[in-house]
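Shown next: run-v9.cif, given as mmCIF, C-alpha atoms and all ligand atoms.
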```cif
data_run
#
loop_
_atom_site.group_PDB
_atom_site.id
_atom_site.type_symbol
_atom_site.label_atom_id
_atom_site.label_comp_id
_atom_site.auth_asym_id
_atom_site.auth_seq_id
_atom_site.Cartn_x
_atom_site.Cartn_y
_atom_site.Cartn_z
ATOM 1 C CA MET D 1 10.720 -15.183 12.919
ATOM 2 C CA HIS D 2 10.991 -12.331 10.413
ATOM 3 C CA LEU D 3 9.796 -9.024 11.797
ATOM 4 C CA PHE D 4 7.046 -8.631 9.220
ATOM 5 C CA SER D 5 5.581 -12.114 9.905
ATOM 6 C CA ARG D 6 5.696 -11.466 13.603
ATOM 7 C CA LEU D 7 3.897 -8.103 13.333
ATOM 8 C CA LYS D 8 1.323 -9.589 10.984
ATOM 9 C CA ALA D 9 0.625 -12.489 13.365
ATOM 10 C CA ASP D 10 0.284 -10.052 16.289
ATOM 11 C CA ALA D 11 -2.188 -7.900 14.326
ATOM 12 C CA SER D 12 -4.042 -10.817 12.730
ATOM 13 C CA GLY D 13 -7.532 -9.342 13.226
ATOM 14 C CA ASP D 14 -6.634 -5.954 11.749
ATOM 15 C CA TRP D 15 -4.693 -7.637 8.978
ATOM 16 C CA ALA D 16 -7.654 -9.842 8.006
ATOM 17 C CA SER D 17 -10.048 -6.850 7.986
ATOM 18 C CA TYR D 18 -7.689 -5.255 5.484
ATOM 19 C CA VAL D 19 -6.667 -8.037 3.091
ATOM 20 C CA GLU D 20 -10.033 -9.824 3.215
ATOM 21 C CA HIS D 21 -12.139 -6.685 2.954
ATOM 22 C CA GLN D 22 -15.367 -6.873 0.964
ATOM 23 C CA PHE D 23 -13.889 -4.385 -1.539
ATOM 24 C CA VAL D 24 -11.123 -6.918 -2.250
ATOM 25 C CA HIS D 25 -13.590 -9.791 -2.727
ATOM 26 C CA GLU D 26 -15.666 -7.724 -5.116
ATOM 27 C CA LEU D 27 -12.578 -6.747 -7.126
ATOM 28 C CA GLY D 28 -11.963 -10.462 -7.590
ATOM 29 C CA THR D 29 -15.497 -11.327 -8.640
ATOM 30 C CA GLY D 30 -15.848 -8.139 -10.707
ATOM 31 C CA GLU D 31 -18.960 -7.200 -8.749
ATOM 32 C CA LEU D 32 -17.538 -4.030 -7.220
ATOM 33 C CA PRO D 33 -19.686 -1.027 -8.251
ATOM 34 C CA LYS D 34 -17.827 1.058 -10.818
ATOM 35 C CA SER D 35 -18.485 4.229 -8.837
ATOM 36 C CA SER D 36 -16.653 2.644 -5.886
ATOM 37 C CA PHE D 37 -13.643 1.828 -7.999
ATOM 38 C CA ARG D 38 -13.578 5.276 -9.583
ATOM 39 C CA HIS D 39 -13.622 6.987 -6.211
ATOM 40 C CA TYR D 40 -10.959 4.625 -4.898
ATOM 41 C CA LEU D 41 -8.724 5.159 -7.918
ATOM 42 C CA VAL D 42 -8.731 8.945 -7.654
ATOM 43 C CA GLN D 43 -8.056 8.817 -3.929
ATOM 44 C CA ASP D 44 -5.361 6.210 -4.442
ATOM 45 C CA TYR D 45 -3.575 8.504 -6.879
ATOM 46 C CA LEU D 46 -3.607 11.259 -4.235
ATOM 47 C CA PHE D 47 -2.537 8.663 -1.674
ATOM 48 C CA LEU D 48 0.442 7.612 -3.788
ATOM 49 C CA ILE D 49 1.726 11.169 -4.117
ATOM 50 C CA GLN D 50 1.918 11.430 -0.327
ATOM 51 C CA PHE D 51 3.229 7.899 -0.089
ATOM 52 C CA ALA D 52 6.102 8.813 -2.405
ATOM 53 C CA ARG D 53 6.948 11.646 0.009
ATOM 54 C CA ALA D 54 6.979 9.159 2.889
ATOM 55 C CA TYR D 55 9.310 6.881 0.929
ATOM 56 C CA ALA D 56 11.459 9.938 0.169
ATOM 57 C CA LEU D 57 11.666 10.580 3.898
ATOM 58 C CA GLY D 58 13.248 7.125 4.042
ATOM 59 C CA ILE D 59 16.157 8.517 2.027
ATOM 60 C CA TYR D 60 16.695 11.148 4.694
ATOM 61 C CA LYS D 61 16.286 8.644 7.532
ATOM 62 C CA SER D 62 18.654 6.091 5.986
ATOM 63 C CA PRO D 63 21.763 5.228 8.000
ATOM 64 C CA THR D 64 23.716 3.880 5.002
ATOM 65 C CA PRO D 65 23.989 4.583 1.248
ATOM 66 C CA GLN D 66 22.498 1.108 0.602
ATOM 67 C CA ASP D 67 19.407 2.086 2.608
ATOM 68 C CA MET D 68 19.238 5.398 0.736
ATOM 69 C CA ARG D 69 19.255 3.518 -2.537
ATOM 70 C CA GLN D 70 16.434 1.194 -1.386
ATOM 71 C CA SER D 71 14.301 4.211 -0.505
ATOM 72 C CA LEU D 72 15.160 5.889 -3.786
ATOM 73 C CA GLU D 73 14.072 2.788 -5.725
ATOM 74 C CA GLY D 74 10.778 2.871 -3.831
ATOM 75 C CA VAL D 75 10.184 6.513 -4.766
ATOM 76 C CA LYS D 76 10.982 5.700 -8.398
ATOM 77 C CA ALA D 77 8.658 2.684 -8.437
ATOM 78 C CA ILE D 78 5.796 4.901 -7.280
ATOM 79 C CA MET D 79 6.559 7.907 -9.481
ATOM 80 C CA ASP D 80 7.499 6.019 -12.653
ATOM 81 C CA VAL D 81 5.337 2.891 -12.506
ATOM 82 C CA GLU D 82 2.405 2.957 -10.107
ATOM 83 C CA LEU D 83 1.270 6.547 -10.742
ATOM 84 C CA ASP D 84 1.452 5.963 -14.496
ATOM 85 C CA LEU D 85 -0.685 2.854 -14.134
ATOM 86 C CA HIS D 86 -3.234 4.896 -12.214
ATOM 87 C CA LEU D 87 -3.307 7.613 -14.880
ATOM 88 C CA GLU D 88 -3.776 4.995 -17.558
ATOM 89 C CA LEU D 89 -6.523 3.278 -15.566
ATOM 90 C CA CYS D 90 -8.187 6.614 -14.812
ATOM 91 C CA ALA D 91 -8.058 7.527 -18.520
ATOM 92 C CA SER D 92 -9.760 4.240 -19.403
ATOM 93 C CA TRP D 93 -12.402 5.122 -16.802
ATOM 94 C CA GLY D 94 -12.900 8.571 -18.363
ATOM 95 C CA MET D 95 -10.891 10.693 -15.944
ATOM 96 C CA SER D 96 -8.009 12.973 -16.935
ATOM 97 C CA ARG D 97 -4.859 13.892 -15.016
ATOM 98 C CA GLU D 98 -6.375 17.306 -14.204
ATOM 99 C CA ASP D 99 -9.551 15.693 -12.873
ATOM 100 C CA ILE D 100 -7.474 13.565 -10.550
ATOM 101 C CA GLU D 101 -4.883 16.043 -9.411
ATOM 102 C CA ASN D 102 -7.557 18.658 -8.690
ATOM 103 C CA ALA D 103 -9.756 16.278 -6.705
ATOM 104 C CA PRO D 104 -9.883 17.036 -2.979
ATOM 105 C CA GLU D 105 -8.247 14.497 -0.675
ATOM 106 C CA ALA D 106 -10.792 12.498 1.322
ATOM 107 C CA ALA D 107 -10.485 12.376 5.103
ATOM 108 C CA GLN D 108 -9.386 8.711 4.922
ATOM 109 C CA THR D 109 -6.614 9.597 2.471
ATOM 110 C CA ILE D 110 -5.356 12.390 4.694
ATOM 111 C CA ALA D 111 -5.608 10.222 7.812
ATOM 112 C CA TYR D 112 -3.564 7.371 6.376
ATOM 113 C CA THR D 113 -0.859 9.284 4.541
ATOM 114 C CA ARG D 114 -0.226 11.804 7.308
ATOM 115 C CA PHE D 115 -0.089 8.977 9.846
ATOM 116 C CA VAL D 116 2.687 7.289 7.878
ATOM 117 C CA LEU D 117 4.592 10.538 7.356
ATOM 118 C CA GLU D 118 4.320 11.423 11.030
ATOM 119 C CA ALA D 119 5.451 7.951 12.141
ATOM 120 C CA GLY D 120 8.493 8.346 9.917
ATOM 121 C CA MET D 121 9.291 11.870 11.048
ATOM 122 C CA ALA D 122 9.002 11.014 14.737
ATOM 123 C CA GLY D 123 10.959 7.782 14.494
ATOM 124 C CA ASP D 124 13.905 6.190 12.731
ATOM 125 C CA LEU D 125 14.054 4.154 9.525
ATOM 126 C CA LEU D 126 12.576 1.060 11.186
ATOM 127 C CA ASP D 127 9.493 2.947 12.429
ATOM 128 C CA LEU D 128 8.960 4.324 8.941
ATOM 129 C CA GLN D 129 9.355 0.909 7.306
ATOM 130 C CA VAL D 130 6.863 -0.658 9.728
ATOM 131 C CA ALA D 131 4.318 2.069 8.939
ATOM 132 C CA LEU D 132 4.878 1.533 5.187
ATOM 133 C CA ALA D 133 4.844 -2.280 5.316
ATOM 134 C CA PRO D 134 1.086 -3.004 5.390
ATOM 135 C CA CYS D 135 0.687 -0.933 2.253
ATOM 136 C CA ILE D 136 3.512 -2.416 0.226
ATOM 137 C CA ILE D 137 3.369 -6.034 1.332
ATOM 138 C CA GLY D 138 -0.414 -6.096 1.839
ATOM 139 C CA TYR D 139 -1.144 -5.165 -1.779
ATOM 140 C CA ALA D 140 1.249 -7.886 -2.943
ATOM 141 C CA GLU D 141 -0.608 -10.421 -0.780
ATOM 142 C CA ILE D 142 -3.975 -9.180 -2.046
ATOM 143 C CA GLY D 143 -2.877 -9.188 -5.704
ATOM 144 C CA LYS D 144 -1.415 -12.689 -5.455
ATOM 145 C CA GLY D 145 -4.470 -14.023 -3.626
ATOM 146 C CA LEU D 146 -6.861 -12.578 -6.204
ATOM 147 C CA ALA D 147 -4.828 -13.932 -9.114
ATOM 148 C CA GLU D 148 -4.729 -17.405 -7.529
ATOM 149 C CA LYS D 149 -8.436 -17.440 -6.794
ATOM 150 C CA HIS D 150 -9.810 -15.723 -9.891
ATOM 151 C CA GLY D 151 -6.972 -16.009 -12.431
ATOM 152 C CA GLN D 152 -8.997 -18.291 -14.726
ATOM 153 C CA THR D 153 -12.043 -16.052 -14.797
ATOM 154 C CA LEU D 154 -10.516 -12.600 -15.174
ATOM 155 C CA ASP D 155 -11.527 -12.088 -18.802
ATOM 156 C CA GLY D 156 -14.419 -9.714 -18.652
ATOM 157 C CA ASN D 157 -13.606 -8.632 -15.108
ATOM 158 C CA PRO D 158 -13.358 -4.798 -15.242
ATOM 159 C CA TYR D 159 -10.637 -4.909 -12.584
ATOM 160 C CA LYS D 160 -8.411 -7.355 -14.437
ATOM 161 C CA ARG D 161 -5.704 -4.761 -15.176
ATOM 162 C CA TRP D 162 -5.508 -3.753 -11.522
ATOM 163 C CA ILE D 163 -5.235 -7.379 -10.349
ATOM 164 C CA GLU D 164 -2.556 -8.100 -12.945
ATOM 165 C CA GLU D 165 -0.539 -5.104 -11.832
ATOM 166 C CA TYR D 166 -0.357 -6.147 -8.191
ATOM 167 C CA SER D 167 0.008 -9.880 -8.850
ATOM 168 C CA GLY D 168 2.644 -9.314 -11.561
ATOM 169 C CA SER D 169 6.323 -10.021 -11.002
ATOM 170 C CA THR D 170 7.411 -6.350 -10.884
ATOM 171 C CA TYR D 171 5.214 -5.538 -7.913
ATOM 172 C CA GLN D 172 5.722 -8.940 -6.256
ATOM 173 C CA ASN D 173 9.505 -8.488 -6.424
ATOM 174 C CA LEU D 174 9.284 -4.974 -5.062
ATOM 175 C CA ALA D 175 7.308 -6.211 -2.058
ATOM 176 C CA ALA D 176 9.659 -9.164 -1.460
ATOM 177 C CA GLU D 177 12.651 -6.813 -1.536
ATOM 178 C CA PHE D 178 10.921 -4.515 0.882
ATOM 179 C CA GLY D 179 10.369 -7.457 3.275
ATOM 180 C CA ALA D 180 14.055 -8.357 3.111
ATOM 181 C CA TRP D 181 15.016 -4.732 3.674
ATOM 182 C CA ILE D 182 12.875 -4.480 6.838
ATOM 183 C CA ASP D 183 14.584 -7.608 8.169
ATOM 184 C CA ALA D 184 17.992 -6.114 7.455
ATOM 185 C CA THR D 185 17.065 -2.897 9.288
ATOM 186 C CA ALA D 186 15.576 -4.894 12.161
ATOM 187 C CA GLY D 187 18.900 -6.732 12.420
ATOM 188 C CA VAL D 188 20.543 -3.388 13.208
ATOM 189 C CA TYR D 189 17.854 -1.477 15.146
ATOM 190 C CA LEU D 190 15.379 -3.905 16.692
ATOM 191 C CA THR D 191 15.287 -4.434 20.433
ATOM 192 C CA GLU D 192 12.496 -6.207 22.353
ATOM 193 C CA ALA D 193 11.695 -2.921 24.081
ATOM 194 C CA ARG D 194 10.697 -1.435 20.721
ATOM 195 C CA VAL D 195 8.256 -4.191 19.782
ATOM 196 C CA PRO D 196 5.086 -2.772 21.467
ATOM 197 C CA ARG D 197 5.463 0.536 19.621
ATOM 198 C CA LEU D 198 6.118 -1.181 16.290
ATOM 199 C CA ARG D 199 3.085 -3.394 16.877
ATOM 200 C CA LYS D 200 0.924 -0.305 17.352
ATOM 201 C CA LEU D 201 2.231 1.340 14.194
ATOM 202 C CA PHE D 202 1.625 -1.814 12.172
ATOM 203 C CA ALA D 203 -1.895 -2.388 13.516
ATOM 204 C CA LYS D 204 -2.856 1.252 12.945
ATOM 205 C CA ALA D 205 -1.610 1.248 9.362
ATOM 206 C CA SER D 206 -3.581 -1.979 8.704
ATOM 207 C CA GLN D 207 -6.743 -0.384 10.141
ATOM 208 C CA LEU D 208 -6.231 2.711 7.970
ATOM 209 C CA GLU D 209 -5.932 0.443 4.914
ATOM 210 C CA ALA D 210 -9.262 -1.201 5.791
ATOM 211 C CA ASP D 211 -10.786 2.287 6.218
ATOM 212 C CA PHE D 212 -9.488 3.185 2.763
ATOM 213 C CA TRP D 213 -11.325 0.209 1.179
ATOM 214 C CA GLN D 214 -14.416 1.056 3.184
ATOM 215 C CA MET D 215 -14.316 4.605 1.826
ATOM 216 C CA GLY D 216 -14.437 3.127 -1.684
ATOM 217 C CA LEU D 217 -17.361 0.843 -0.864
ATOM 218 C CA GLU D 218 -19.352 3.664 0.657
ATOM 219 C CA ALA D 219 -18.837 5.865 -2.393
ATOM 220 C CA SER D 220 -21.002 3.579 -4.547
HETATM 221 C C1 LIG L 301 -4.099 2.615 -0.082
HETATM 222 C C2 LIG L 301 -3.005 1.889 -0.799
HETATM 223 N N1 LIG L 301 -2.249 1.012 -0.140
HETATM 224 C C3 LIG L 301 -1.260 0.355 -0.780
HETATM 225 C C4 LIG L 301 -0.979 0.578 -2.108
HETATM 226 C C5 LIG L 301 0.116 -0.170 -2.809
HETATM 227 O O1 LIG L 301 1.057 0.697 -3.291
HETATM 228 C C6 LIG L 301 -1.783 1.511 -2.769
HETATM 229 N N2 LIG L 301 -1.587 1.792 -4.077
HETATM 230 N N3 LIG L 301 -2.787 2.143 -2.099
#
```

Would it be possible to restate this file's structure as structure tokens?
Amino acid sequence: MHLFSRLKADASGDWASYVEHQFVHELGTGELPKSSFRHYLVQDYLFLIQFARAYALGIYKSPTPQDMRQSLEGVKAIMDVELDLHLELCASWGMSREDIENAPEAAQTIAYTRFVLEAGMAGDLLDLQVALAPCIIGYAEIGKGLAEKHGQTLDGNPYKRWIEEYSGSTYQNLAAEFGAWIDATAGVYLTEARVPRLRKLFAKASQLEADFWQMGLEAS
């Protein structure tokens, strides 16, 4: 079985709390309070800045030039695509770049991003990838699921643009490539003895994702 599928199956409870969170359901139905989304969006921008640093650490931790390039593409996708989307979304919600960049990081944002960075610093490329995986692949799963379930009724949904971004082919391809890259790294580095530690990293990152949604809900 692919490493990602195996880790996801082992953490099925934590995974479900993340991808089936109430915040996600309410994005799909459009019922999410706007104040929740606004808070989430600002924190997610701050999250992505730290996440880009974690991806950049992947360049340093890469054993081969091919791995370095994969990490570099990830950094570019965040800096050139995802952050721009967030700025555009924030602008349409009445918030400027200064508003966002000057906002303080919430405890949940710090907890998640520093966890991923620390996992990467303490470990090798595979540890870092496993800590990054719930974020990258989880949002692809969430975006696809929302588009399948609510695709016909998105007109008028205030979160349509967000759903389209994560269900769209650019993001879906990025996540699929990331999955293949983890498998390639696992082919080189994975031993059975490492599995318990990887399981813990994966479950923790999934829990921190659920906490991030919860932070948004509670901001309403
Ligand atoms: C918290 C969080 N997880 C994952 C993604 C996907 O990049 C995101 N933008 N934010």

| Can you tell me which residues sit at most 8 Å away from ligand LIG 301 (chain L), counting only C-alpha atoms and all ligand atoms, written as a list of chain:residue names? |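 For ligand LIG 301 (chain L), the residues inside 8 Å are D:Asp44, D:Tyr45, D:Phe47, D:Leu48, D:Ile78, D:Glu82, D:Thr109, D:Pro134, D:Cys135, D:Ile136, D:Ile137, D:Gly138, D:Tyr139, D:Ala140, D:Glu209, D:Phe212, D:Trp213.
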
Could you take the residues named above and write them with C-alpha atoms, as a JSON list (two decimals), keeping the file's coordinate frame?
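Result saved to result_11.json:
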```json
[["chain", "number", "residue", "atom", "x", "y", "z"],
["D", 44, "ASP", "CA", -5.36, 6.21, -4.44],
["D", 45, "TYR", "CA", -3.58, 8.50, -6.88],
["D", 47, "PHE", "CA", -2.54, 8.66, -1.67],
["D", 48, "LEU", "CA", 0.44, 7.61, -3.79],
["D", 78, "ILE", "CA", 5.80, 4.90, -7.28],
["D", 82, "GLU", "CA", 2.40, 2.96, -10.11],
["D", 109, "THR", "CA", -6.61, 9.60, 2.47],
["D", 134, "PRO", "CA", 1.09, -3.00, 5.39],
["D", 135, "CYS", "CA", 0.69, -0.93, 2.25],
["D", 136, "ILE", "CA", 3.51, -2.42, 0.23],
["D", 137, "ILE", "CA", 3.37, -6.03, 1.33],
["D", 138, "GLY", "CA", -0.41, -6.10, 1.84],
["D", 139, "TYR", "CA", -1.14, -5.16, -1.78],
["D", 140, "ALA", "CA", 1.25, -7.89, -2.94],
["D", 209, "GLU", "CA", -5.93, 0.44, 4.91],
["D", 212, "PHE", "CA", -9.49, 3.18, 2.76],
["D", 213, "TRP", "CA", -11.32, 0.21, 1.18]]
```

| 12 Å contact set for segment 39-41 of chain D, all atoms listed in the file, chain neighbours under 2 positions out, as a ChimeraX atom specification | /D:23-24,27,32-37,43-48,82-83,85-97,99-101,103-106,108-109,159,162,209,211-220

| field | Residues within 9 Å of (14.5, -4.3, 11.7), file coords, only C-alpha atoms, listed as an MDAnalysis selection string | value | chainID D and resid 2:4 125:127 129:130 181:191

Output file for the residues above (C-alpha atoms, as a PDB file, in the frame of the given file):
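Result saved to result.pdb:
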```pdb
ATOM      1  CA  HIS D   2      10.991 -12.331  10.413  1.00  0.00           C
ATOM      2  CA  LEU D   3       9.796  -9.024  11.797  1.00  0.00           C
ATOM      3  CA  PHE D   4       7.046  -8.631   9.220  1.00  0.00           C
ATOM      4  CA  LEU D 125      14.054   4.154   9.525  1.00  0.00           C
ATOM      5  CA  LEU D 126      12.576   1.060  11.186  1.00  0.00           C
ATOM      6  CA  ASP D 127       9.493   2.947  12.429  1.00  0.00           C
ATOM      7  CA  GLN D 129       9.355   0.909   7.306  1.00  0.00           C
ATOM      8  CA  VAL D 130       6.863  -0.658   9.728  1.00  0.00           C
ATOM      9  CA  TRP D 181      15.016  -4.732   3.674  1.00  0.00           C
ATOM     10  CA  ILE D 182      12.875  -4.480   6.838  1.00  0.00           C
ATOM     11  CA  ASP D 183      14.584  -7.608   8.169  1.00  0.00           C
ATOM     12  CA  ALA D 184      17.992  -6.114   7.455  1.00  0.00           C
ATOM     13  CA  THR D 185      17.065  -2.897   9.288  1.00  0.00           C
ATOM     14  CA  ALA D 186      15.576  -4.894  12.161  1.00  0.00           C
ATOM     15  CA  GLY D 187      18.900  -6.732  12.420  1.00  0.00           C
ATOM     16  CA  VAL D 188      20.543  -3.388  13.208  1.00  0.00           C
ATOM     17  CA  TYR D 189      17.854  -1.477  15.146  1.00  0.00           C
ATOM     18  CA  LEU D 190      15.379  -3.905  16.692  1.00  0.00           C
ATOM     19  CA  THR D 191      15.287  -4.434  20.433  1.00  0.00           C
TER      20      THR D 191
END
```

Report as CSV: every residue of segment 109-150 of chain D with an atom at most 10 Å from segment 51-69 of chain D, its closest pair of atoms, and their distance in Å to one decimal, counting all atoms listed in the file, with rows sorted by chain and ascending residue number.
```
residue,atom,partner,partner_atom,distance
D:Tyr112,CA,D:Phe51,CA,9.4
D:Thr113,CA,D:Phe51,CA,6.3
D:Arg114,CA,D:Ala54,CA,8.9
D:Phe115,CA,D:Ala54,CA,9.9
D:Val116,CA,D:Ala54,CA,6.8
D:Leu117,CA,D:Ala54,CA,5.2
D:Glu118,CA,D:Ala54,CA,8.9
D:Ala119,CA,D:Ala54,CA,9.5
D:Gly120,CA,D:Leu57,CA,7.2
D:Met121,CA,D:Leu57,CA,7.6
D:Gly123,CA,D:Lys61,CA,8.8
D:Asp124,CA,D:Lys61,CA,6.2
D:Leu125,CA,D:Lys61,CA,5.4
D:Leu126,CA,D:Lys61,CA,9.2
D:Leu128,CA,D:Gly58,CA,7.1
D:Gln129,CA,D:Gly58,CA,8.0
D:Ala131,CA,D:Ala54,CA,9.7
D:Leu132,CA,D:Tyr55,CA,8.1
D:Cys135,CA,D:Phe51,CA,9.5
```

| task | Can you work out the spacing between atom CA of Lys144 of chain D and atom CA of Ala205 of chain D in Å, to one decimal? | result | 20.3 Å

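Residues lying within 12 Å of Asn173 of chain D, counting all atoms listed in the file and ignoring same-chain neighbours fewer than 3 positions away, are Gly74, Ala77, Ile136, Ile137, Ala140, Glu141, Lys144, Glu165, Tyr166, Ser167, Gly168, Ser169, Thr170, Ala176, Glu177, Phe178, Gly179 and Ala180 of chain D.
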
| request: Return the single residue from D:Asn157, D:Pro196, D:Gly30, D:Glu164 that is closest to Ile142 of chain D, with distances computed using all atoms listed in the file. | output: D:Glu164

| task | Can you work out which one of D:Glu26, D:Lys149, D:Asp155, D:Leu208 has the shortest atom-to-atom distance to Asp14 of chain D, counting only C-alpha atoms? | result |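 Answer, going by the shortest atom-to-atom distance: D:Leu208.
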
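Separating atom CA of Lys76 of chain D from atom CA of Ser206 of chain D is a distance of 23.7 Å.
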